[in-house]
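Listing of structure26.pdb; format and content: PDB, C-alpha atoms, pLDDT in the B column.
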ATOM      1  CA  MET D  23     -10.112  -3.163   9.776  1.00 42.00           C
ATOM      2  CA  GLN D  24     -11.417  -3.216   6.195  1.00 48.00           C
ATOM      3  CA  ASP D  25     -11.299  -6.257   3.985  1.00 46.00           C
ATOM      4  CA  GLU D  26      -8.694  -6.034   1.250  1.00 53.00           C
ATOM      5  CA  PRO D  27      -9.685  -6.989  -2.290  1.00 54.00           C
ATOM      6  CA  ILE D  28      -8.667 -10.481  -3.319  1.00 56.00           C
ATOM      7  CA  LEU D  29      -7.737  -9.462  -6.854  1.00 56.00           C
ATOM      8  CA  PRO D  30      -5.778  -6.364  -7.784  1.00 55.00           C
ATOM      9  CA  LYS D  31      -7.648  -3.759  -9.762  1.00 57.00           C
ATOM     10  CA  PRO D  32      -6.543  -3.640 -13.389  1.00 56.00           C
ATOM     11  CA  ASP D  33      -4.113  -0.888 -14.293  1.00 54.00           C
ATOM     12  CA  GLN D  34      -6.492   1.351 -16.220  1.00 52.00           C
ATOM     13  CA  SER D  35      -3.638   3.021 -18.130  1.00 49.00           C
ATOM     14  CA  THR D  36      -2.731  -0.224 -19.906  1.00 50.00           C
ATOM     15  CA  VAL D  37      -6.101  -1.967 -20.111  1.00 48.00           C
ATOM     16  CA  LYS D  38      -8.068  -1.764 -23.333  1.00 50.00           C
ATOM     17  CA  GLU D  39     -11.766  -0.956 -23.213  1.00 56.00           C
ATOM     18  CA  LYS D  40     -12.863  -4.183 -24.890  1.00 55.00           C
ATOM     19  CA  THR D  41     -13.619  -7.119 -22.636  1.00 68.00           C
ATOM     20  CA  GLU D  42     -14.052  -9.866 -25.241  1.00 81.00           C
ATOM     21  CA  LEU D  43     -11.150 -11.862 -26.553  1.00 87.00           C
ATOM     22  CA  PRO D  44     -10.350 -11.600 -30.250  1.00 90.00           C
ATOM     23  CA  GLU D  45     -10.994 -14.642 -32.443  1.00 91.00           C
ATOM     24  CA  VAL D  46      -7.243 -15.197 -32.960  1.00 93.00           C
ATOM     25  CA  LEU D  47      -4.657 -14.807 -30.203  1.00 94.00           C
ATOM     26  CA  ASP D  48      -0.893 -14.978 -30.097  1.00 95.00           C
ATOM     27  CA  GLY D  49       0.476 -17.590 -27.767  1.00 95.00           C
ATOM     28  CA  LYS D  50       3.399 -19.578 -26.516  1.00 95.00           C
ATOM     29  CA  ARG D  51       3.612 -23.275 -25.738  1.00 94.00           C
ATOM     30  CA  TYR D  52       5.970 -24.531 -23.055  1.00 95.00           C
ATOM     31  CA  ARG D  53       6.970 -28.165 -22.651  1.00 93.00           C
ATOM     32  CA  THR D  54       7.568 -29.177 -19.040  1.00 90.00           C
ATOM     33  CA  ILE D  55       8.191 -32.429 -17.178  1.00 88.00           C
ATOM     34  CA  ASP D  56       6.521 -33.207 -13.840  1.00 82.00           C
ATOM     35  CA  ARG D  57       8.011 -35.076 -10.881  1.00 83.00           C
ATOM     36  CA  GLU D  58       6.737 -38.383 -12.305  1.00 80.00           C
ATOM     37  CA  ARG D  59       8.578 -37.675 -15.587  1.00 84.00           C
ATOM     38  CA  ASN D  60       5.387 -37.034 -17.601  1.00 79.00           C
ATOM     39  CA  LYS D  61       5.586 -34.426 -20.346  1.00 85.00           C
ATOM     40  CA  TRP D  62       3.112 -31.561 -20.103  1.00 85.00           C
ATOM     41  CA  TYR D  63       2.380 -28.810 -22.579  1.00 90.00           C
ATOM     42  CA  LEU D  64       1.401 -25.442 -21.127  1.00 93.00           C
ATOM     43  CA  SER D  65      -0.056 -23.012 -23.647  1.00 94.00           C
ATOM     44  CA  ILE D  66      -0.422 -19.334 -22.798  1.00 96.00           C
ATOM     45  CA  SER D  67      -2.594 -17.156 -25.054  1.00 95.00           C
ATOM     46  CA  GLU D  68      -1.670 -13.476 -25.067  1.00 94.00           C
ATOM     47  CA  VAL D  69      -3.202 -10.099 -25.867  1.00 94.00           C
ATOM     48  CA  ASP D  70      -0.551  -7.408 -26.370  1.00 92.00           C
ATOM     49  CA  GLY D  71       2.046  -9.703 -24.799  1.00 92.00           C
ATOM     50  CA  ARG D  72      -0.014 -10.231 -21.625  1.00 93.00           C
ATOM     51  CA  PRO D  73      -1.389 -13.648 -20.603  1.00 95.00           C
ATOM     52  CA  VAL D  74      -5.180 -14.011 -20.865  1.00 95.00           C
ATOM     53  CA  GLU D  75      -5.712 -17.792 -21.110  1.00 94.00           C
ATOM     54  CA  VAL D  76      -3.918 -20.869 -19.835  1.00 94.00           C
ATOM     55  CA  PHE D  77      -4.264 -24.403 -21.172  1.00 93.00           C
ATOM     56  CA  ALA D  78      -2.485 -27.558 -20.044  1.00 89.00           C
ATOM     57  CA  SER D  79      -2.362 -30.917 -21.765  1.00 86.00           C
ATOM     58  CA  THR D  80      -0.382 -34.113 -21.682  1.00 81.00           C
ATOM     59  CA  ALA D  81       0.127 -37.013 -24.046  1.00 71.00           C
ATOM     60  CA  PHE D  82      -1.544 -39.172 -21.395  1.00 67.00           C
ATOM     61  CA  ASP D  83      -4.870 -37.303 -21.169  1.00 57.00           C
ATOM     62  CA  ARG D  84      -6.712 -40.290 -22.711  1.00 60.00           C
ATOM     63  CA  ASP D  85      -5.541 -42.487 -19.827  1.00 63.00           C
ATOM     64  CA  HIS D  86      -8.637 -43.347 -17.729  1.00 64.00           C
ATOM     65  CA  GLU D  87      -6.753 -43.000 -14.421  1.00 65.00           C
ATOM     66  CA  LEU D  88      -5.796 -39.432 -15.283  1.00 72.00           C
ATOM     67  CA  GLN D  89      -9.349 -38.287 -16.070  1.00 69.00           C
ATOM     68  CA  SER D  90     -10.118 -36.999 -12.573  1.00 72.00           C
ATOM     69  CA  ARG D  91      -6.799 -35.172 -12.432  1.00 78.00           C
ATOM     70  CA  ILE D  92      -7.438 -33.714 -15.894  1.00 83.00           C
ATOM     71  CA  SER D  93     -10.853 -32.343 -14.864  1.00 85.00           C
ATOM     72  CA  ASN D  94      -9.258 -30.755 -11.791  1.00 89.00           C
ATOM     73  CA  LEU D  95      -6.531 -29.286 -13.995  1.00 90.00           C
ATOM     74  CA  THR D  96      -9.145 -27.966 -16.415  1.00 92.00           C
ATOM     75  CA  THR D  97     -10.937 -26.250 -13.528  1.00 94.00           C
ATOM     76  CA  ILE D  98      -7.732 -24.615 -12.345  1.00 95.00           C
ATOM     77  CA  THR D  99      -6.741 -23.368 -15.800  1.00 95.00           C
ATOM     78  CA  ARG D 100     -10.246 -22.041 -16.564  1.00 95.00           C
ATOM     79  CA  LEU D 101     -10.326 -20.076 -13.289  1.00 96.00           C
ATOM     80  CA  ILE D 102      -6.776 -18.761 -13.793  1.00 96.00           C
ATOM     81  CA  SER D 103      -7.805 -17.621 -17.282  1.00 96.00           C
ATOM     82  CA  LEU D 104     -10.776 -15.714 -15.819  1.00 96.00           C
ATOM     83  CA  ILE D 105      -8.457 -13.953 -13.378  1.00 96.00           C
ATOM     84  CA  LEU D 106      -5.909 -13.118 -16.099  1.00 96.00           C
ATOM     85  CA  ARG D 107      -8.600 -11.608 -18.340  1.00 95.00           C
ATOM     86  CA  HIS D 108      -9.878  -9.573 -15.402  1.00 95.00           C
ATOM     87  CA  ILE D 109      -6.424  -8.204 -14.644  1.00 95.00           C
ATOM     88  CA  PHE D 110      -5.113  -7.648 -18.172  1.00 94.00           C
ATOM     89  CA  ILE D 111      -8.139  -6.822 -20.328  1.00 93.00           C
ATOM     90  CA  ASN D 112     -10.553  -5.579 -17.669  1.00 92.00           C
ATOM     91  CA  GLU D 113     -13.109  -8.351 -18.240  1.00 93.00           C
ATOM     92  CA  PRO D 114     -15.629  -8.285 -15.392  1.00 93.00           C
ATOM     93  CA  LEU D 115     -15.133 -11.185 -13.002  1.00 94.00           C
ATOM     94  CA  THR D 116     -18.411 -12.494 -11.605  1.00 94.00           C
ATOM     95  CA  PHE D 117     -19.528 -15.401  -9.496  1.00 95.00           C
ATOM     96  CA  GLU D 118     -21.719 -16.626 -12.368  1.00 95.00           C
ATOM     97  CA  LYS D 119     -18.702 -16.749 -14.713  1.00 95.00           C
ATOM     98  CA  CYS D 120     -16.770 -18.761 -12.116  1.00 96.00           C
ATOM     99  CA  LEU D 121     -19.681 -21.199 -11.790  1.00 96.00           C
ATOM    100  CA  LYS D 122     -19.911 -21.556 -15.564  1.00 96.00           C
ATOM    101  CA  GLN D 123     -16.215 -22.416 -15.890  1.00 96.00           C
ATOM    102  CA  ILE D 124     -16.369 -24.922 -13.022  1.00 96.00           C
ATOM    103  CA  LYS D 125     -19.406 -26.607 -14.590  1.00 95.00           C
ATOM    104  CA  ARG D 126     -17.699 -26.793 -18.004  1.00 94.00           C
ATOM    105  CA  SER D 127     -14.653 -28.446 -16.395  1.00 93.00           C
ATOM    106  CA  SER D 128     -16.582 -31.485 -15.219  1.00 91.00           C
ATOM    107  CA  ARG D 129     -15.908 -34.643 -17.233  1.00 87.00           C
ATOM    108  CA  GLN D 130     -18.293 -36.953 -15.382  1.00 85.00           C
ATOM    109  CA  LYS D 131     -20.958 -36.889 -12.685  1.00 89.00           C
ATOM    110  CA  ASN D 132     -19.594 -36.521  -9.157  1.00 87.00           C
ATOM    111  CA  ASP D 133     -16.064 -35.565 -10.165  1.00 88.00           C
ATOM    112  CA  LEU D 134     -14.592 -32.676  -8.152  1.00 90.00           C
ATOM    113  CA  PRO D 135     -15.735 -29.886 -10.514  1.00 93.00           C
ATOM    114  CA  ASP D 136     -19.276 -31.325 -10.548  1.00 93.00           C
ATOM    115  CA  MET D 137     -19.343 -31.422  -6.744  1.00 93.00           C
ATOM    116  CA  LEU D 138     -17.880 -27.902  -6.468  1.00 94.00           C
ATOM    117  CA  TYR D 139     -20.499 -26.599  -8.877  1.00 95.00           C
ATOM    118  CA  GLY D 140     -23.296 -28.283  -6.917  1.00 94.00           C
ATOM    119  CA  VAL D 141     -22.192 -26.722  -3.637  1.00 95.00           C
ATOM    120  CA  LEU D 142     -21.230 -23.263  -4.927  1.00 95.00           C
ATOM    121  CA  ASN D 143     -24.381 -22.958  -7.037  1.00 93.00           C
ATOM    122  CA  ARG D 144     -26.327 -22.833  -3.750  1.00 93.00           C
ATOM    123  CA  TYR D 145     -24.848 -19.354  -3.227  1.00 93.00           C
ATOM    124  CA  SER D 146     -25.989 -18.150  -6.632  1.00 89.00           C
ATOM    125  CA  ASN D 147     -29.031 -15.972  -7.168  1.00 81.00           C
ATOM    126  CA  THR D 148     -30.213 -18.575  -9.684  1.00 63.00           C
ATOM    127  CA  PRO D 149     -32.026 -21.685  -8.402  1.00 58.00           C
ATOM    128  CA  GLN D 150     -30.116 -24.952  -8.943  1.00 52.00           C
ATOM    129  CA  GLY D 151     -30.833 -26.493 -12.316  1.00 52.00           C
ATOM    130  CA  GLU D 152     -31.721 -23.155 -13.913  1.00 56.00           C
ATOM    131  CA  ILE D 153     -29.276 -21.234 -16.066  1.00 54.00           C
ATOM    132  CA  SER D 154     -28.785 -17.573 -15.247  1.00 54.00           C
ATOM    133  CA  PRO D 155     -29.288 -14.992 -18.017  1.00 54.00           C
ATOM    134  CA  GLU D 156     -25.542 -14.216 -17.913  1.00 49.00           C
ATOM    135  CA  MET D 157     -24.617 -17.859 -18.473  1.00 47.00           C
ATOM    136  CA  LYS D 158     -27.142 -18.119 -21.337  1.00 52.00           C
ATOM    137  CA  ARG D 159     -25.616 -15.078 -23.083  1.00 48.00           C
ATOM    138  CA  SER D 160     -22.076 -16.445 -22.945  1.00 46.00           C
ATOM    139  CA  ALA D 161     -22.914 -20.084 -23.677  1.00 44.00           C
TER     140      ALA D 161
END
Could you express the structure from this file as structure tokens?
Amino acid sequence: MQDEPILPKPDQSTVKEKTELPEVLDGKRYRTIDRERNKWYLSISEVDGRPVEVFASTAFDRDHELQSRISNLTTITRLISLILRHIFINEPLTFEKCLKQIKRSSRQKNDLPDMLYGVLNRYSNTPQGEISPEMKRSA
């Protein structure tokens, strides 16, 4: 039995050739309320009406107790955005890009994104502490 791909291949008939996002994107902001009655703002950036980035914020994101949850949320939204760009604008999805987004999500040493980066970076072709050429180009 063959392994199935995790991500669907982009529909080549609707995907543009470019893989970089334009400087200005259209978007929609949605206000939602979680089970603890906190207001959240979910912003979806679009290219040709298709989602390519996701951002989430709350009025409470300066609250110290929420910082670890916010860094986890940032990690999730960054990785979802990578997947959306892969599907809708044919941006290559690589392990190095995933590592870069996880690392950027960390807000403090030893938070979950920092620990994930430390462990997953062991599987990279780049020794820990060094920055791969791909990450340098997109930094």
Given the PyMOL selection byres ((chain D and resi 62) around 8), the residues it picks as a PyMOL selection string: chain D and resi 53-56+60-61+63-64+78-81
Straight-line distance linking CA of Arg107 (chain D) with CA of Tyr52 (chain D), stated in Å to one decimal: 20.0 Å
Between CA of Thr99 (chain D) and CA of Pro44 (chain D), distance in Å (one decimal): 19.0 Å
Contacts of Ile105 (chain D) at 10 Å or less, counting all atoms listed in the file, minus same-chain residues fewer than 4 places along, as a PDB file with C-alpha atoms, in the frame of the given file?
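Below is the file that was written, out30.pdb:
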ATOM      1  CA  LEU D  29      -7.737  -9.462  -6.854  1.00 56.00           C
ATOM      2  CA  PRO D  30      -5.778  -6.364  -7.784  1.00 55.00           C
ATOM      3  CA  VAL D  74      -5.180 -14.011 -20.865  1.00 95.00           C
ATOM      4  CA  GLU D  75      -5.712 -17.792 -21.110  1.00 94.00           C
ATOM      5  CA  THR D  99      -6.741 -23.368 -15.800  1.00 95.00           C
ATOM      6  CA  ARG D 100     -10.246 -22.041 -16.564  1.00 95.00           C
ATOM      7  CA  LEU D 101     -10.326 -20.076 -13.289  1.00 96.00           C
ATOM      8  CA  ILE D 109      -6.424  -8.204 -14.644  1.00 95.00           C
ATOM      9  CA  PHE D 110      -5.113  -7.648 -18.172  1.00 94.00           C
ATOM     10  CA  ILE D 111      -8.139  -6.822 -20.328  1.00 93.00           C
ATOM     11  CA  ASN D 112     -10.553  -5.579 -17.669  1.00 92.00           C
ATOM     12  CA  GLU D 113     -13.109  -8.351 -18.240  1.00 93.00           C
ATOM     13  CA  PRO D 114     -15.629  -8.285 -15.392  1.00 93.00           C
ATOM     14  CA  LEU D 115     -15.133 -11.185 -13.002  1.00 94.00           C
ATOM     15  CA  CYS D 120     -16.770 -18.761 -12.116  1.00 96.00           C
TER      16      CYS D 120
END
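Our summary of the geometry notes that CA of Met137 (chain D) is positioned 24.6 Å from CA of Leu106 (chain D).
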The PyMOL selection byres ((chain D and resi 45) around 12) applied to the shown file, residues as a list in words: Glu42, Leu43, Pro44, Val46, Leu47, Asp48, Ser67, Glu68 and Val69 of chain D
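For the set D:Lys119, D:Ile66, D:Arg129, D:Arg72, the residue with the smallest atom-to-atom gap to Leu95 (chain D) is D:Arg129, counting all atoms listed in the file.
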Close residues, Ser65 (chain D) itself excluded, 8 Å, all atoms listed in the file, min 6 positions apart in chain, as number ranges by chain: D: 49-52, 76-78
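Run against this file, the PyMOL selection byres ((chain D and resi 136) around 12) gives back Ser90, Ser93, Asn94, Thr97, Leu121, Lys122, Gln123, Ile124, Lys125, Arg126, Ser127, Ser128, Arg129, Gln130, Lys131, Asn132, Asp133, Leu134, Pro135, Met137, Leu138, Tyr139, Gly140, Val141, Leu142 and Asn143 of chain D.
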